[in-house]
Amino acid sequence: MLYYLIMINVIGFILMYIDKKKAINHRYRIPEKNLLLVCLFGGSLGSLIGMYTFRHKTKHNKFVFGVPIILVINILIICILK
């Protein structure tokens with residue numbers, strides 16, 4: 001479980017980086033639903049860190065409020081499963 005959480009959060013962080021670079025270069029972007037799906041599957045912490053590290057999606061309410069809410073839900077689920 002720990003290795004899964006590490007990997008999915010690294011993926012979330014990297015996806016924020018890749019999407020930011022694509023936005024800067026006006027290239028095909030990663031769909032928002034895919035970014036949020038990674039959050040739902042446990043990558044919300046990595047995505048949140050990536051959002052603020054790369055200043056990406058920080059003006060979109062669904063990310064500013066949604067990712068932290070998903071993080072809290074992820075933490076609750078992990079606590080329940082332990």
# chains A, B, ... in the order shown; residues from 1 in each chain; ligands from 1
$ residues_around --residues "region 48-52 of chain A" --least-positions-apart "5" --cutoff "8 Å" --atoms "only C-alpha atoms" --output "list in words"
Gly12, Phe13, Ile14, Met16, Tyr17, Lys57, Thr58, Val67 and Pro68 of chain A
$ residues_around --residues "Asn74 (chain A)" --least-positions-apart "6" --cutoff "10 Å" --atoms "only C-alpha atoms" --output "list in words"
Cys39, Leu40, Phe41, Gly42, Gly43, Ser44, Leu45, Pro68 and Ile80 of chain A
$ atom_distance --atom1 "CA of Lys82 (chain A)" --atom2 "CA of Tyr3 (chain A)"
15.1 Å
$ select_by_dssp --residues "chain A" --states "alpha helix (DSSP H)" --output "ChimeraX atom specification"
/A:2-24,32-38,44-53,61-64,66-81
$ atom_distance --atom1 "CA of Val10 (chain A)" --atom2 "CA of Glu32 (chain A)"
17.4 Å
$ closest_residue --among "A:Ile78, A:Phe54, A:Lys20, A:Arg27" --to "Leu2 (chain A)" --atoms "only C-alpha atoms"
A:Ile78
$ closest_residue --among "A:Ile30, A:Ile69, A:Asn25, A:Leu37" --to "Asn9 (chain A)" --atoms "only C-alpha atoms"
A:Leu37
$ atom_distance --atom1 "CA of Val64 (chain A)" --atom2 "CA of Tyr28 (chain A)"
22.4 Å
